[in-house]
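K.L.:
Pasting model-v1.tsv here (TSV, C-alpha atoms):
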chain	number	residue	atom	x	y	z
W	1	MET	CA	33.83	128.27	140.99
W	2	ILE	CA	30.89	130.65	141.23
W	3	CYS	CA	32.30	132.59	138.29
W	4	PHE	CA	32.24	129.48	136.07
W	5	LEU	CA	28.70	128.68	137.13
W	6	ALA	CA	27.60	132.25	136.37
W	7	ILE	CA	29.28	132.16	132.95
W	8	HIS	CA	27.62	128.83	132.18
W	9	VAL	CA	24.16	130.13	133.11
W	10	LEU	CA	24.64	133.39	131.21
W	11	MET	CA	25.85	131.62	128.07
W	12	SER	CA	22.92	129.22	128.29
W	13	ALA	CA	20.56	132.17	128.58
W	14	LYS	CA	22.17	133.79	125.56
W	15	VAL	CA	22.09	130.65	123.41
W	16	GLY	CA	18.76	129.10	124.34
W	17	GLY	CA	16.95	131.77	126.29
W	18	VAL	CA	14.34	131.05	128.92
W	19	PRO	CA	13.22	127.68	127.45
W	20	LEU	CA	16.75	126.28	127.79
W	21	LEU	CA	17.10	127.56	131.35
W	22	LEU	CA	13.73	126.04	132.31
W	23	SER	CA	14.65	122.72	130.70
W	24	MET	CA	17.85	122.66	132.76
W	25	LEU	CA	15.75	122.96	135.92
W	26	SER	CA	13.22	120.30	134.90
W	27	TRP	CA	13.85	116.69	135.92
W	28	GLN	CA	11.36	115.29	133.41
W	29	PHE	CA	12.40	113.71	130.13
W	30	ARG	CA	10.51	113.03	126.95
W	31	ASP	CA	9.46	109.50	126.01
W	32	VAL	CA	11.66	109.64	122.90
W	33	ASP	CA	14.67	110.29	125.15
W	34	SER	CA	14.11	107.13	127.15
W	35	PRO	CA	17.08	104.74	127.36
W	36	VAL	CA	14.75	101.98	126.13
W	37	ASN	CA	14.60	103.69	122.72
W	38	LEU	CA	18.35	104.30	122.51
W	39	TYR	CA	19.20	101.26	120.36
W	40	SER	CA	16.44	101.90	117.79
W	41	ARG	CA	17.34	105.59	117.52
W	42	LEU	CA	21.02	104.68	117.07
W	43	MET	CA	20.14	102.25	114.26
W	44	VAL	CA	18.06	104.90	112.49
W	45	TRP	CA	20.91	107.38	112.81
W	46	LEU	CA	23.42	104.86	111.43
W	47	ARG	CA	21.13	104.01	108.48
W	48	ASN	CA	20.87	107.71	107.60
W	49	PHE	CA	24.57	108.40	108.21
W	50	GLY	CA	25.45	108.60	104.50
W	51	ASN	CA	22.65	111.07	103.80
W	52	ASN	CA	23.59	113.14	106.84
W	53	ILE	CA	27.22	113.37	105.73
W	54	LYS	CA	26.14	114.43	102.21
W	55	GLU	CA	23.90	117.15	103.65
W	56	GLU	CA	26.67	118.39	105.94
W	57	TRP	CA	29.15	118.46	103.06
W	58	ASN	CA	26.71	120.36	100.83
W	59	GLN	CA	26.11	122.85	103.61
W	60	PHE	CA	29.86	123.24	104.18
W	61	THR	CA	30.68	123.78	100.50
W	62	GLY	CA	27.86	126.29	100.11
W	63	GLY	CA	28.99	128.55	102.96
W	64	SER	CA	31.22	131.59	102.87
W	65	LEU	CA	35.00	131.27	102.79
W	66	LEU	CA	35.42	132.87	106.22
W	67	LEU	CA	33.04	130.36	107.84
W	68	LYS	CA	34.85	127.48	106.13
W	69	ILE	CA	38.17	128.69	107.52
W	70	ILE	CA	36.73	129.02	111.03
W	71	GLU	CA	35.13	125.55	110.87
W	72	VAL	CA	38.36	123.93	109.69
W	73	MET	CA	40.34	125.68	112.43
W	74	VAL	CA	37.91	124.57	115.15
W	75	LEU	CA	37.79	121.00	113.87
W	76	GLY	CA	41.58	120.95	113.57
W	77	GLY	CA	41.90	122.24	117.13
W	78	ILE	CA	39.64	119.48	118.43
W	79	ILE	CA	41.64	116.83	116.58
W	80	VAL	CA	44.95	118.26	117.82
W	81	ALA	CA	43.59	118.29	121.39
W	82	PHE	CA	42.98	114.54	121.14
W	83	VAL	CA	46.19	113.64	119.32
W	84	LEU	CA	48.85	115.71	121.13
W	85	PRO	CA	48.50	113.94	124.49
W	86	LEU	CA	49.35	110.67	122.76
W	87	PHE	CA	52.79	112.00	121.86
W	88	PHE	CA	53.55	114.29	124.78
W	89	SER	CA	52.26	112.40	127.79
W	90	SER	CA	54.62	112.05	130.75
W	91	GLY	CA	54.32	108.25	130.77
W	92	GLU	CA	54.14	107.91	134.57
Turn this file's structure into structure tokens for me.
P.N.:
Amino acid sequence: MICFLAIHVLMSAKVGGVPLLLSMLSWQFRDVDSPVNLYSRLMVWLRNFGNNIKEEWNQFTGGSLLLKIIEVMVLGGIIVAFVLPLFFSSGE
């Protein structure tokens, strides 16, 4: 258990550095992260969904072949992880 906690903290330090570690220790949240604003932020995100997908697709098609292969493999692995239990569950 301690090993997993240490790995989590070390990976967080590697990815986000000191600001991420300090934000994990802080109990404060920003006003924009308030649950009161959740519905309005969701509606804005849904209105911009088409533009966001276009931007993501343009970024995907502009990348290198190796990165495309890695992204497809990761996305495929996530989809398989959700689908396989539907077919191979024990049914207890």
K.L.:
Could you tell me how far CA of Glu71 (chain W) sits from CA of Gln59 (chain W), in Å to one decimal place?
P.N.:
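Computed distance, CA of Gln59 (chain W) to CA of Glu71 (chain W), equals 11.9 Å.
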K.L.:
Quick check, in Å to one decimal: how far apart do CA of Val32 (chain W) and CA of Trp45 (chain W) lie?
P.N.:
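Separation of CA of Val32 (chain W) and CA of Trp45 (chain W): 13.9 Å.
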K.L.:
Please indicate the distance in Å from CA of Leu22 (chain W) to CA of Val9 (chain W), rounded to one decimal place.
P.N.:
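Rounded to one decimal, the two atoms are 11.2 Å apart.
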K.L.:
As JSON, please: the centre and edge lengths in Å, to one decimal, of an axis-aligned box enclosing every listed atom of region 21-26 of chain W with 4 Å added on each side.
P.N.:
{"center_x": 15.5, "center_y": 123.9, "center_z": 133.3, "size_x": 12.6, "size_y": 15.3, "size_z": 13.2}
